[in-house]
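So the structure is just underneath, and the comments pick up after that.
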Amino acid sequence: MVADESLAEEGPDHQEWPVPPGELLDLLGVSAIVLDSNGRIVFWSPQAGEVFGYTAEEALGQYAARLLVSEDHRELVLRLFAEVMGSEAGWAGAFPVRHKDGSTRLVEFRNMRLLDDLGDVYALGIAADRTTLQRVEDKLALSEHLVSQSPMGVALLDTDLRYVLTNPALERINGVPAADHLGRRPHDILKLLDASAIESALWQVLRTGTPLIDQYIVGRTLADPDTDHAWSVSYYRLEGPGGRVIGVANTVLDVSERHRAAAEAERARRRLTLIADASAHVGTSLEVAQTARELAQVAVPEPADITAVDVLDAVLACRRTTGGHEGSEVFRALAVATAYPTEAAAAVDAVGEVAAYSADRLITQCVHTGKPVLVAHAQSDDLLRIARDPEAATALARAGVHSYLAVPLIARNEVIGAFDLLRARNPLPFDEDDVLLACELAARAAVAIDNARWHESVRNSAETLQRSLLPSHPPHLTGLEVASRYQPAQASSEIGGDWYDVIPLTEDKTALVVGDVMGNGIDAAATMGRLRTATRAYADLGLAPHEVLQHLDKTTLGLEHYIATCLYAVYDPHRAECHIANAGHLPPVRMPRGQRPELVDLPTGAPLGVGGVHFRTVTFPLTPGDRLVLYTDGLIETRHHPIDERLDTLLDVLGQQHRPLEATCQWLLDTLRQPDDHDDVALLIAQARALTEDDTNAP
């Protein structure tokens with residue numbers, strides 16, 4: 001046994017004696033009786049009283065055959081007794097014995113002859129109750145069969161954590177024969193697992209007596225060194241009837257299928273979560289670059305360590321044509337995301353850069369075929385077809401990139417680019433499930449990117465049109481200096497119809513105009529251009545401000561469903577007066593020199609295009625040094641503040657510090673505008689100045 005081996009290793013000089021007894025003999029209730037040559041009882045152990053019912057006083061000196069055997073079996077007993085006394089063979093078997101209580105009990109005997117130093121012969125009988133013995137034998141047989149035939153691996157380790165027993169199932173699990181287990185510790189057998197953690201758990205159970213049930217272990221054994229398995233293991237301490245610690249039992253059940261199913265279910269759950277997250281976070285704006293960033297970021301750290309979004313440059317320029325896909329392609333890098341700091345980020349194309357890739361490059365193949373490109377185990381040659389140059393390929397290799405996946409970005413049956421995914425720290429290669437997930441993410445993002453690119457194209461066209469319709473400042477205005485700004489909406493889906501104009505008039509007068517066509521897009525910009533042209537035509541007629549608005553109202557009525565707000569002012573430098581009329585627009589701000597800014601008190605009037613409304617001209621002084629601020633509602637309106645509060649804020653900002661005109665324009669935009677503003681702004685600031693000789697001589 002292993003216990004004997006451990007004692008042999010330690011040596012008798014180091015063993016503490018005596019060692020604790022075993023419990024088996026106590027379980028059997030083994031007794032001893034000694035008969036002399038005449039068959040009388042001369043020795044009687046205390047345990048014999050438990051088997052036969054007689055005390056030592058009652059049994060000693062009695063003939064055993066008369067005391068313990070019925071007359072029917074006495075002759076046979078005497079014959080067997082004579083055989084034992086006459087030979088050294090002894091006798092073993094079960095025999096019916098008469099108990100003190102009158103019952104007959106079957107007792108198992110081991111009989112043998114004894115010889116003392118005087119030459120006298122005795123008979124020693126070792127006896128145990130047959131029923132008790134059979135019960136113990138049955139339990140032992142049952143235990144042996146349960147262990148040997150169990151589909152679970154079973155092991156018993158002694159108090160030194162050395163294997164004492166293993167069953168065939170554990171042999172198969174560990175890939176080590178049972179005989180090679182005996183006397184060895186777990187770390188000698190489980191070389192591919194974290195044996196130190198296993199032994200630590202066994203010591204804990206052995207020390208505390210508290211079992212550890214259904215503990216998960218994932219790893220490999222010598223039985224299948226190339227494949228991960230999962231096992232449910234339990235440890236519990238074994239104790240004898242007297243409380244003596246025998247050792248610790250270990251059961252092992254292979255639950256690899258269940259583990260794989262649970263892992264796959266968890267993987268599917270994570271993918272669904274990722275897709276749901278992508279639905280919520282990809283395409284939140286109509287900005288191409290922002291949408292690309294959202295796609296790149298949603299895919300790290302799962303399923304990729306590094307991601308990149310590259311769109312065909314021709315697509316961004318809206319000049320992509322259908323036809324054969326051959327030759328190189330030019331890509332623009334829109335986004336890169338990493339799960340952690342890595343030099344691989346610098347090895348891919350920097351955001352905003354344009355790069356041409358030949359037909360043999362993997363990303364080019366992806367967009368040419370419109371199908372995913374999967375390189376589960378990327379080698380050096382593969383990295384050269386992934387990276388932009390050999391140096392970048394070397395950097396990817398140093399970063400540990402070992403798996404690559406590119407999926408096409410397809411919107412409205414047109415390939416617009418590719419979504420690249422790389423793995424470095426994640427040791428698993430990309431597989432077909434990852435391809436399906438990446439394609440799902442790419443499909444959702446591609447439509448958003450395509451929508452954003454068309455929106456940006458239309459927006460850019462509208463903004464170009466609108467800016468082309470806005471005036472450049474005239475070279476010289478009599479008694480007046482002006483500064484202006486136009487800023488498109490920063491978070492809007494369309495360009496608005498805001499405009500301003502500065503129109504030199506006869507008699508050194510200047511018309512100042514600010515307006516806002518309701519609506520957005522190219523149509524609004526075109527309508528704004530028509531109104532601006534009409535305004536200039538009516539201004540050249542020398543009409544009063546309210547008369548100009550009256551004519552513009554009629555003009556707007558003919559522009560389908562459009563309406564517009566407008567402020568039309570005429571500054572007379574010789575009288576230092578400003579004449580102004582309002583068509584539903586926000587009031588201008590007058591800034592008297594050295595005084596607090598104030599809103600000009602004007603009749604609000606109705607917007608242009610309502611029809612049948614009369615407008616009124618108001619006159620107020622505008623002396624040298626005074627300023628007049630005209631603006632559209634995008635400068636001050638927000639979704640969270642009342643308009644009166646924002647008007648007060650405008651006055652406060654204008655009153656904080658006197659700045660040059662151009663600086664004041666920029667200051668207002670920087671201070672009052674927010675990144676999420678959904679309206680564009682037209683801003684015009686005029687400052688009266690004293691007339692000079694140049695003004696007098698001006699044509």
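Residue numbers start at 1 in each chain; chains themselves are named A, B, ... in the order of the structure tokens; ligands are numbered from 1 in the order shown.
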Notebook entry, point to check: Would you give me, as a PyMOL selection string, the residues in stretch 197-405 of chain A that DSSP reads as alpha helix (DSSP H)?
Noted result: chain A and resi 197-208+256-281+288-298+313-316+344-347+362-369+380-384+390-398
Extract, using only C-alpha atoms, all DNA, RNA and protein residues at most 10 Å from A:Val629, discarding same-chain residues fewer than 2 positions from it, and format them as a count of residues only. 20
Spatial neighbours of stretch 262-278 of chain A, 9 Å, only C-alpha atoms, chain gap at least 3 places, as an mmCIF file with N, CA, C and O atoms, in the first residue's frame:
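This went into selection_21.cif:
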```cif
data_model
loop_
_atom_site.group_PDB
_atom_site.id
_atom_site.type_symbol
_atom_site.label_atom_id
_atom_site.label_comp_id
_atom_site.auth_asym_id
_atom_site.auth_seq_id
_atom_site.Cartn_x
_atom_site.Cartn_y
_atom_site.Cartn_z
ATOM 1 N N GLU A 257 -18.827 18.974 -23.518
ATOM 2 C CA GLU A 257 -19.928 19.314 -24.418
ATOM 3 C C GLU A 257 -20.800 20.400 -23.814
ATOM 4 O O GLU A 257 -21.209 21.346 -24.493
ATOM 5 N N ARG A 258 -21.115 20.227 -22.532
ATOM 6 C CA ARG A 258 -21.922 21.246 -21.861
ATOM 7 C C ARG A 258 -21.183 22.581 -21.811
ATOM 8 O O ARG A 258 -21.774 23.646 -22.018
ATOM 9 N N HIS A 259 -19.884 22.505 -21.563
ATOM 10 C CA HIS A 259 -19.080 23.724 -21.508
ATOM 11 C C HIS A 259 -19.053 24.414 -22.864
ATOM 12 O O HIS A 259 -19.211 25.636 -22.958
ATOM 13 N N HIS A 281 -25.489 52.707 -31.588
ATOM 14 C CA HIS A 281 -24.381 53.650 -31.551
ATOM 15 C C HIS A 281 -23.705 53.910 -32.895
ATOM 16 O O HIS A 281 -22.807 54.750 -32.968
ATOM 17 N N VAL A 282 -24.072 53.168 -33.929
ATOM 18 C CA VAL A 282 -23.488 53.404 -35.255
ATOM 19 C C VAL A 282 -24.530 54.105 -36.118
ATOM 20 O O VAL A 282 -25.649 53.629 -36.266
ATOM 21 N N GLY A 283 -24.135 55.239 -36.681
ATOM 22 C CA GLY A 283 -25.062 55.997 -37.512
ATOM 23 C C GLY A 283 -25.860 57.019 -36.737
ATOM 24 O O GLY A 283 -26.993 57.335 -37.088
ATOM 25 N N GLU A 294 -17.620 55.294 -35.271
ATOM 26 C CA GLU A 294 -18.549 54.499 -34.456
ATOM 27 C C GLU A 294 -18.472 53.022 -34.819
ATOM 28 O O GLU A 294 -18.496 52.159 -33.940
ATOM 29 N N LEU A 295 -18.347 52.709 -36.115
ATOM 30 C CA LEU A 295 -18.204 51.315 -36.530
ATOM 31 C C LEU A 295 -16.897 50.727 -36.012
ATOM 32 O O LEU A 295 -16.878 49.607 -35.478
ATOM 33 N N VAL A 298 -17.076 50.154 -32.140
ATOM 34 C CA VAL A 298 -18.018 49.179 -31.598
ATOM 35 C C VAL A 298 -17.463 47.758 -31.689
ATOM 36 O O VAL A 298 -17.922 46.865 -30.972
ATOM 37 N N ALA A 299 -16.453 47.533 -32.534
ATOM 38 C CA ALA A 299 -15.926 46.178 -32.749
ATOM 39 C C ALA A 299 -14.681 45.881 -31.938
ATOM 40 O O ALA A 299 -14.064 44.822 -32.130
ATOM 41 N N GLU A 302 -14.121 43.297 -28.675
ATOM 42 C CA GLU A 302 -14.737 42.138 -29.297
ATOM 43 C C GLU A 302 -15.479 42.595 -30.531
ATOM 44 O O GLU A 302 -16.231 43.577 -30.453
ATOM 45 N N PRO A 303 -15.274 41.919 -31.637
ATOM 46 C CA PRO A 303 -14.505 40.683 -31.841
ATOM 47 C C PRO A 303 -13.044 40.897 -32.223
ATOM 48 O O PRO A 303 -12.344 39.924 -32.495
ATOM 49 N N LEU A 437 -20.657 37.843 -38.033
ATOM 50 C CA LEU A 437 -20.845 39.002 -37.165
ATOM 51 C C LEU A 437 -20.303 40.270 -37.827
ATOM 52 O O LEU A 437 -20.969 41.319 -37.843
ATOM 53 N N GLU A 440 -22.534 41.480 -40.529
ATOM 54 C CA GLU A 440 -23.737 42.119 -39.992
ATOM 55 C C GLU A 440 -23.436 43.554 -39.561
ATOM 56 O O GLU A 440 -24.198 44.480 -39.867
ATOM 57 N N LEU A 441 -22.326 43.741 -38.867
ATOM 58 C CA LEU A 441 -21.947 45.089 -38.448
ATOM 59 C C LEU A 441 -21.670 45.978 -39.663
ATOM 60 O O LEU A 441 -22.103 47.133 -39.715
ATOM 61 N N ARG A 444 -24.897 47.081 -41.563
ATOM 62 C CA ARG A 444 -25.623 48.169 -40.892
ATOM 63 C C ARG A 444 -24.879 49.493 -41.052
ATOM 64 O O ARG A 444 -25.488 50.539 -41.303
ATOM 65 N N ALA A 445 -23.553 49.433 -40.897
ATOM 66 C CA ALA A 445 -22.783 50.674 -40.950
ATOM 67 C C ALA A 445 -22.678 51.212 -42.366
ATOM 68 O O ALA A 445 -22.644 52.429 -42.570
#
```
Original post:
Can you tell me, as number ranges by chain, what residues are no more than 12 Å from stretch 381-394 of chain A when counting only C-alpha atoms, ignoring any on the same chain fewer than 4 positions away?
Top reply: A: 308, 331, 333, 343-350, 353-366, 373-377, 398-406, 420-422
Those in stretch 491-561 of chain A with strand (DSSP E) from DSSP, as a PyMOL selection string: chain A and resi 496-504+510-520
